[in-house]
Structure formats: C-alpha cells, structure tokens
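The file protein20.cif comes next; it holds mmCIF, C-alpha atoms and all ligand atoms.
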```
data_my_file
#
loop_
_atom_site.label_atom_id
_atom_site.label_comp_id
_atom_site.auth_asym_id
_atom_site.auth_seq_id
_atom_site.Cartn_x
_atom_site.Cartn_y
_atom_site.Cartn_z
CA MET L 1 222.94 -7.58 39.88
CA GLY L 2 225.89 -9.22 38.11
CA SER L 3 226.60 -8.91 34.45
CA GLY L 4 226.57 -12.59 33.52
CA ALA L 5 223.43 -14.25 32.22
CA ASP L 6 223.53 -16.69 35.15
CA ASP L 7 222.94 -13.81 37.56
CA VAL L 8 219.71 -12.70 35.91
CA GLU L 9 216.58 -13.57 37.76
CA VAL L 10 214.02 -14.81 35.27
CA GLU L 11 210.44 -13.84 35.99
CA THR L 12 207.49 -15.49 34.33
CA PRO L 13 205.36 -13.40 31.95
CA THR L 14 202.25 -13.98 34.03
CA THR L 15 203.72 -11.88 36.84
CA PHE L 16 203.27 -8.82 34.64
CA ALA L 17 200.22 -7.47 32.89
CA GLY L 18 200.29 -7.53 29.12
CA GLU L 19 199.76 -9.62 26.09
CA PRO L 20 202.47 -11.27 24.01
CA ASP L 21 202.19 -10.20 20.40
CA GLY L 22 204.96 -12.22 18.83
CA PHE L 23 207.38 -9.31 18.49
CA ASP L 24 210.83 -9.32 20.03
CA ARG L 25 211.97 -6.00 21.41
CA LEU L 26 215.32 -4.22 21.26
CA TRP L 27 215.38 -3.68 24.93
CA THR L 28 217.60 -5.56 27.27
CA PRO L 29 216.64 -5.20 30.94
CA HIS L 30 213.20 -6.76 30.63
CA ARG L 31 214.16 -9.14 27.91
CA MET L 32 214.61 -12.17 30.12
CA VAL L 33 210.93 -12.09 30.88
CA TYR L 34 210.13 -13.27 27.39
CA ILE L 35 212.50 -16.19 27.40
CA GLY L 36 210.90 -19.50 28.20
CA GLY L 37 207.58 -17.81 28.72
CA GLU L 38 204.28 -19.60 28.93
CA LYS L 39 201.00 -18.31 27.63
CA PRO L 40 198.94 -16.65 30.37
CA SER L 41 196.01 -18.72 31.59
CA ASP L 42 192.31 -17.90 31.30
CA GLU L 43 191.74 -18.71 34.96
CA ALA L 44 191.09 -15.92 37.44
CA GLY L 45 193.58 -15.34 40.23
CA GLU L 46 197.34 -15.83 40.37
CA SER L 47 197.68 -17.13 36.82
CA CYS L 48 195.78 -14.20 35.26
CA PRO L 49 198.16 -11.28 34.70
CA PHE L 50 195.37 -8.72 35.09
CA CYS L 51 194.10 -10.27 38.34
CA SER L 52 197.56 -10.58 39.86
CA ALA L 53 199.12 -7.23 38.86
CA PRO L 54 197.17 -5.22 41.48
CA ASP L 55 198.53 -7.48 44.25
CA ARG L 56 202.04 -6.25 43.54
CA SER L 57 203.56 -2.86 44.31
CA ASP L 58 202.96 -0.18 41.69
CA ALA L 59 206.56 -0.40 40.49
CA GLU L 60 206.63 -4.20 40.38
CA GLY L 61 203.20 -4.51 38.81
CA LEU L 62 203.89 -1.61 36.37
CA ILE L 63 200.73 0.05 37.64
CA VAL L 64 200.21 3.66 36.62
CA HIS L 65 196.98 4.39 38.48
CA ARG L 66 194.58 2.56 40.80
CA GLY L 67 190.92 3.51 40.80
CA GLU L 68 188.07 2.10 42.89
CA LEU L 69 186.89 -0.51 40.39
CA CYS L 70 189.45 -0.33 37.58
CA TYR L 71 193.15 0.33 37.23
CA VAL L 72 195.69 1.34 34.60
CA VAL L 73 198.83 -0.69 33.91
CA LEU L 74 201.65 -0.53 31.38
CA ASN L 75 201.51 -3.21 28.74
CA LEU L 76 204.55 -5.44 29.17
CA PHE L 77 204.44 -5.94 25.40
CA PRO L 78 203.98 -2.34 24.25
CA TYR L 79 203.36 -1.34 20.71
CA ASN L 80 204.82 2.07 21.58
CA PRO L 81 206.26 3.63 24.76
CA GLY L 82 203.34 4.59 26.99
CA HIS L 83 201.04 1.82 25.72
CA VAL L 84 198.76 1.32 28.71
CA LEU L 85 195.86 -1.01 29.48
CA VAL L 86 192.74 -0.04 31.42
CA CYS L 87 191.33 -3.06 33.28
CA PRO L 88 188.56 -3.78 35.74
CA TYR L 89 189.84 -5.47 38.92
CA ARG L 90 187.09 -8.05 38.39
CA HIS L 91 187.91 -11.01 36.15
CA VAL L 92 185.33 -10.48 33.41
CA SER L 93 185.93 -11.09 29.73
CA LEU L 94 183.44 -8.87 27.93
CA TYR L 95 182.68 -5.16 27.90
CA VAL L 96 178.99 -5.97 28.39
CA ASP L 97 179.92 -7.82 31.60
CA LEU L 98 180.95 -4.56 33.28
CA THR L 99 178.54 -3.00 35.76
CA ASP L 100 177.44 0.57 35.10
CA GLU L 101 179.81 1.77 37.81
CA GLU L 102 182.72 -0.16 36.31
CA THR L 103 181.88 1.14 32.84
CA ALA L 104 181.90 4.73 34.12
CA GLU L 105 185.31 4.35 35.75
CA PHE L 106 186.71 2.34 32.82
CA THR L 107 185.83 5.29 30.57
CA ALA L 108 187.05 7.93 33.02
CA LEU L 109 190.42 6.18 33.43
CA THR L 110 190.77 5.88 29.65
CA LYS L 111 190.33 9.64 29.37
CA GLN L 112 192.74 10.29 32.26
CA ALA L 113 195.33 8.04 30.60
CA ILE L 114 195.08 10.14 27.45
CA HIS L 115 195.50 13.35 29.46
CA ALA L 116 198.55 11.90 31.21
CA LEU L 117 200.06 10.71 27.92
CA ASP L 118 199.39 14.11 26.32
CA LYS L 119 201.26 15.78 29.15
CA ALA L 120 204.09 13.23 29.38
CA SER L 121 204.90 12.67 25.74
CA ALA L 122 202.57 14.68 23.47
CA PRO L 123 201.57 11.93 21.05
CA MET L 124 200.14 12.93 17.69
CA GLY L 125 197.27 10.45 17.95
CA TYR L 126 195.96 7.36 19.72
CA ASN L 127 194.64 3.93 19.01
CA LEU L 128 192.01 2.91 21.55
CA GLY L 129 190.30 -0.40 21.71
CA MET L 130 189.37 -3.75 23.12
CA ASN L 131 189.82 -7.13 21.49
CA GLN L 132 186.88 -9.26 22.56
CA GLY L 133 187.77 -12.94 22.49
CA ALA L 134 190.79 -14.83 21.17
CA VAL L 135 189.34 -14.80 17.65
CA ALA L 136 189.52 -10.99 17.69
CA GLY L 137 193.14 -11.04 18.78
CA ALA L 138 192.90 -10.82 22.55
CA GLY L 139 196.06 -12.35 24.05
CA VAL L 140 194.44 -12.61 27.46
CA ALA L 141 190.83 -13.07 26.38
CA ALA L 142 189.44 -13.88 29.82
CA HIS L 143 190.11 -10.53 31.45
CA LEU L 144 188.84 -7.41 29.73
CA HIS L 145 191.35 -4.66 29.01
CA GLN L 146 191.28 -1.54 26.88
CA HIS L 147 194.41 -0.63 24.95
CA VAL L 148 195.47 3.01 24.87
CA VAL L 149 198.31 3.27 22.35
CA PRO L 150 199.99 6.63 21.75
CA ARG L 151 201.01 7.21 18.14
CA TRP L 152 203.61 9.40 16.50
CA GLY L 153 204.23 9.99 12.83
CA GLY L 154 206.67 7.41 11.50
CA ASP L 155 206.35 5.11 14.51
CA SER L 156 205.50 2.11 12.40
CA ASN L 157 208.82 1.68 10.69
CA PHE L 158 210.30 -1.21 8.79
CA LEU L 159 211.55 -3.09 11.83
CA PRO L 160 208.35 -4.95 12.72
CA ILE L 161 207.93 -6.16 9.18
CA VAL L 162 211.51 -7.11 8.51
CA ALA L 163 212.60 -8.49 11.82
CA ARG L 164 209.46 -8.81 13.94
CA THR L 165 211.31 -6.50 16.27
CA LYS L 166 210.34 -3.13 17.65
CA ALA L 167 212.71 -0.49 19.00
CA LEU L 168 211.47 0.98 22.25
CA PRO L 169 213.43 4.03 23.32
CA MET L 170 212.31 4.16 26.96
CA LEU L 171 212.41 1.54 29.65
CA LEU L 172 209.14 0.55 31.27
CA GLU L 173 209.90 1.99 34.69
CA ASP L 174 210.85 5.35 33.17
CA VAL L 175 207.60 5.40 31.21
CA ARG L 176 205.59 4.43 34.27
CA THR L 177 207.16 7.14 36.43
CA ARG L 178 206.50 9.81 33.79
CA LEU L 179 202.86 8.78 33.50
CA VAL L 180 202.36 8.73 37.26
CA GLU L 181 203.78 12.26 37.47
CA ALA L 182 201.60 13.42 34.59
CA TRP L 183 198.39 11.76 35.89
CA PRO L 184 195.60 14.37 36.26
CA GLU L 185 194.43 15.34 39.75
CA GLY L 186 191.41 13.36 40.97
ZN ZN R 1 191.81 -11.86 35.61
#
```
Write the structure described by the file as structure tokens, please.
Amino acid sequence: MGSGADDVEVETPTTFAGEPDGFDRLWTPHRMVYIGGEKPSDEAGESCPFCSAPDRSDAEGLIVHRGELCYVVLNLFPYNPGHVLVCPYRHVSLYVDLTDEETAEFTALTKQAIHALDKASAPMGYNLGMNQGAVAGAGVAAHLHQHVVPRWGGDSNFLPIVARTKALPMLLEDVRTRLVEAWPEG
C-alpha cells in the first residue's frame, strides 16, 4: 500500500458490520471507510451489513466468533475498543422474532463475549442492549443486534462532547485477534 491518498482503496461502510453514530474517530487505517459513506439499507442480503459480514473471511468481516444460528462481530463504529455485536444470521428486526433456539444462542454468545472481553481486557463494567427500531436509535434497524460495550472508568472523556471524536487506542484487527484468542472453549 502506498502512502498517498490516491493509493487507498475505499471500501463502502456496508461491507462491514456496524452502525454509524455520527462520531469521527482518531484512527487512521480504517478512516477511509467513513468517507463518502452511504447509510446501510434495510433490505436483507448484500446491502445489509449484518447479512453480508458472515460471507466474508473472519478477518475481513471483523468476525470474532461464528455459532450455529448467531455470530459475534466487532462494531465498525465502536464506542470503546472491544465493542462487539451479537447477531442472528437471519435477517429479523425484533428480539421477539427470534426462535427459541436463536434466543438461546444469542444469550449464550453474549455471555461468551463478556468472558472473552474479561480475559482480553478486563473491563470494569459493560453496557448491554438492543435498540429496537430507528426511533430507539438503531442504525441498522432491520437486522437485530445486541451491543456488548466494555466500560472503563474515565472512558467517556471530553472528546465526544467537544469534537464529536473518540480516541480508540487499538486497531480493529488487533482487538479482533485478542478476542478470538480469549474466546472461551465451546
Ligand atoms: Zn440482514
């Protein structure tokens, strides 16, 4: 890869899983992804970031773990390093749309993600949750996903308020690799 901006291959945001939140990030290698981005679509398939991520390699799709019915992926727009999303493979929008089997694995993977994060980076706490519908703040409302956000004391500093910018100390691939290594045995 060359150093000039002309050499940078620009990927569209829909090729990664995650939700734009309006923050810029102090974080160069993945930065081009945000430039000229379009809002992800509500359609299933290629244009849905949570449908298309599993079709890519783990490294390219930022996938941390693949289960039978659900999978875990890094949020391309993390609130903190290690912010992962638990998603069903199926394109359903609401928690109540999950089958019992999907619900069981969705929950199990959420717990495994917390174990992996505990081991990898020892957070002091977590925010867990799902935004149901655009009105509740879901960036990709059509495909259910549970946020698992590790928290440390002092992690919400002045930067988001002042500059709508967050400092992320670790690159996504480093975070992904650490979580894969820390993932609990089956
Ligand atoms: Zn989808």
Skipping near chain neighbours, those fewer than 6 positions away, what residues fall within 12 Å of Glu185 in chain L using all atoms listed in the file, listed as a list in words?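 What passes the distance filter is His65, Leu109, Gln112, Ala113, His115 and Ala116 of chain L.
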For Ala44 in chain L, please output as a PyMOL selection string all residues within 10 Å (counting all atoms listed in the file; exclusion window: fewer than 2 positions along the same chain). chain L and resi 41-42+46-52+90-92+142-143
Atom-to-atom span, CA of Ala108 in chain L and CA of Ala138 in chain L, Å: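 According to the coordinates, CA of Ala108 in chain L and CA of Ala138 in chain L are separated by 22.3 Å.
Of the listed residues (L:Gly82, L:Leu128, L:Leu144, L:Ala136), L:Leu144 comes nearest to Thr103 in chain L; the distances count all atoms listed in the file.
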With only C-alpha atoms and all ligand atoms as the atoms that count, which of L:Val175, L:Val64, L:Ala17, L:Val135 lies nearest to ligand ZN 1 (chain R)?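 Once distances to ligand ZN 1 (chain R) are computed over only C-alpha atoms and all ligand atoms, the minimum belongs to L:Ala17.
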Might you pull out every residue within 12 Å of Glu68 in chain L, with all atoms listed in the file counted and same-chain residues fewer than 4 positions away left off, and present them as a VMD selection string? chain L and resid 54 72 87 to 90 101 to 106 108 to 109 186
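Picture a line from CA of Arg56 in chain L to CA of Ala120 in chain L; it runs 24.2 Å.
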So what do you get for atom ZN of ligand ZN 1 (chain R) versus CA of Asp97 in chain L, distance-wise?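 Spanning atom ZN of ligand ZN 1 (chain R) to CA of Asp97 in chain L is a straight-line distance of 13.2 Å.
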Supply range 129-140 of chain L as a PDB file, in the coordinates of the input, with all heavy atoms built in where the input has gaps.
```pdb
ATOM      1  N   GLY L 129     191.169   0.713  22.056  1.00  0.00           N
ATOM      2  CA  GLY L 129     190.300  -0.400  21.710  1.00  0.00           C
ATOM      3  C   GLY L 129     190.442  -1.630  22.558  1.00  0.00           C
ATOM      4  O   GLY L 129     191.385  -1.803  23.316  1.00  0.00           O
ATOM      5  N   MET L 130     189.435  -2.478  22.400  1.00  0.00           N
ATOM      6  CA  MET L 130     189.370  -3.750  23.120  1.00  0.00           C
ATOM      7  C   MET L 130     189.232  -4.871  22.104  1.00  0.00           C
ATOM      8  O   MET L 130     188.422  -4.774  21.190  1.00  0.00           O
ATOM      9  CB  MET L 130     188.125  -3.781  24.008  1.00  0.00           C
ATOM     10  CG  MET L 130     188.165  -2.855  25.172  1.00  0.00           C
ATOM     11  SD  MET L 130     186.503  -2.699  25.891  1.00  0.00           S
ATOM     12  CE  MET L 130     185.890  -1.252  25.043  1.00  0.00           C
ATOM     13  N   ASN L 131     189.993  -5.925  22.300  1.00  0.00           N
ATOM     14  CA  ASN L 131     189.820  -7.130  21.490  1.00  0.00           C
ATOM     15  C   ASN L 131     188.965  -8.092  22.312  1.00  0.00           C
ATOM     16  O   ASN L 131     189.362  -8.503  23.396  1.00  0.00           O
ATOM     17  CB  ASN L 131     191.182  -7.764  21.188  1.00  0.00           C
ATOM     18  CG  ASN L 131     192.085  -6.810  20.435  1.00  0.00           C
ATOM     19  OD1 ASN L 131     191.633  -6.052  19.590  1.00  0.00           O
ATOM     20  ND2 ASN L 131     193.363  -6.837  20.753  1.00  0.00           N
ATOM     21  N   GLN L 132     187.801  -8.417  21.815  1.00  0.00           N
ATOM     22  CA  GLN L 132     186.880  -9.260  22.560  1.00  0.00           C
ATOM     23  C   GLN L 132     186.985 -10.687  22.059  1.00  0.00           C
ATOM     24  O   GLN L 132     186.489 -11.009  20.971  1.00  0.00           O
ATOM     25  CB  GLN L 132     185.439  -8.757  22.403  1.00  0.00           C
ATOM     26  CG  GLN L 132     185.233  -7.344  22.900  1.00  0.00           C
ATOM     27  CD  GLN L 132     184.997  -7.302  24.403  1.00  0.00           C
ATOM     28  OE1 GLN L 132     183.877  -7.444  24.864  1.00  0.00           O
ATOM     29  NE2 GLN L 132     186.063  -7.140  25.157  1.00  0.00           N
ATOM     30  N   GLY L 133     187.636 -11.538  22.855  1.00  0.00           N
ATOM     31  CA  GLY L 133     187.770 -12.940  22.490  1.00  0.00           C
ATOM     32  C   GLY L 133     189.049 -13.215  21.712  1.00  0.00           C
ATOM     33  O   GLY L 133     189.589 -12.337  21.033  1.00  0.00           O
ATOM     34  N   ALA L 134     189.541 -14.439  21.819  1.00  0.00           N
ATOM     35  CA  ALA L 134     190.790 -14.830  21.170  1.00  0.00           C
ATOM     36  C   ALA L 134     190.694 -14.661  19.654  1.00  0.00           C
ATOM     37  O   ALA L 134     191.663 -14.290  18.992  1.00  0.00           O
ATOM     38  CB  ALA L 134     191.148 -16.269  21.528  1.00  0.00           C
ATOM     39  N   VAL L 135     189.515 -14.886  19.090  1.00  0.00           N
ATOM     40  CA  VAL L 135     189.340 -14.800  17.650  1.00  0.00           C
ATOM     41  C   VAL L 135     189.567 -13.371  17.153  1.00  0.00           C
ATOM     42  O   VAL L 135     189.962 -13.141  16.021  1.00  0.00           O
ATOM     43  CB  VAL L 135     187.943 -15.324  17.224  1.00  0.00           C
ATOM     44  CG1 VAL L 135     186.833 -14.369  17.650  1.00  0.00           C
ATOM     45  CG2 VAL L 135     187.879 -15.554  15.731  1.00  0.00           C
ATOM     46  N   ALA L 136     189.332 -12.399  18.044  1.00  0.00           N
ATOM     47  CA  ALA L 136     189.520 -10.990  17.690  1.00  0.00           C
ATOM     48  C   ALA L 136     190.931 -10.509  18.019  1.00  0.00           C
ATOM     49  O   ALA L 136     191.243  -9.339  17.841  1.00  0.00           O
ATOM     50  CB  ALA L 136     188.499 -10.128  18.416  1.00  0.00           C
ATOM     51  N   GLY L 137     191.756 -11.397  18.539  1.00  0.00           N
ATOM     52  CA  GLY L 137     193.140 -11.040  18.780  1.00  0.00           C
ATOM     53  C   GLY L 137     193.493 -10.766  20.218  1.00  0.00           C
ATOM     54  O   GLY L 137     194.590 -10.310  20.504  1.00  0.00           O
ATOM     55  N   ALA L 138     192.580 -11.041  21.143  1.00  0.00           N
ATOM     56  CA  ALA L 138     192.900 -10.820  22.550  1.00  0.00           C
ATOM     57  C   ALA L 138     193.907 -11.875  23.009  1.00  0.00           C
ATOM     58  O   ALA L 138     193.655 -13.063  22.896  1.00  0.00           O
ATOM     59  CB  ALA L 138     191.646 -10.887  23.414  1.00  0.00           C
ATOM     60  N   GLY L 139     195.044 -11.427  23.544  1.00  0.00           N
ATOM     61  CA  GLY L 139     196.060 -12.350  24.050  1.00  0.00           C
ATOM     62  C   GLY L 139     195.639 -12.944  25.376  1.00  0.00           C
ATOM     63  O   GLY L 139     195.904 -14.096  25.680  1.00  0.00           O
ATOM     64  N   VAL L 140     195.003 -12.141  26.203  1.00  0.00           N
ATOM     65  CA  VAL L 140     194.440 -12.610  27.460  1.00  0.00           C
ATOM     66  C   VAL L 140     192.946 -12.335  27.353  1.00  0.00           C
ATOM     67  O   VAL L 140     192.447 -11.289  27.741  1.00  0.00           O
ATOM     68  CB  VAL L 140     195.049 -11.869  28.673  1.00  0.00           C
ATOM     69  CG1 VAL L 140     194.482 -12.410  29.970  1.00  0.00           C
ATOM     70  CG2 VAL L 140     196.563 -12.006  28.663  1.00  0.00           C
TER      71      VAL L 140
END
```
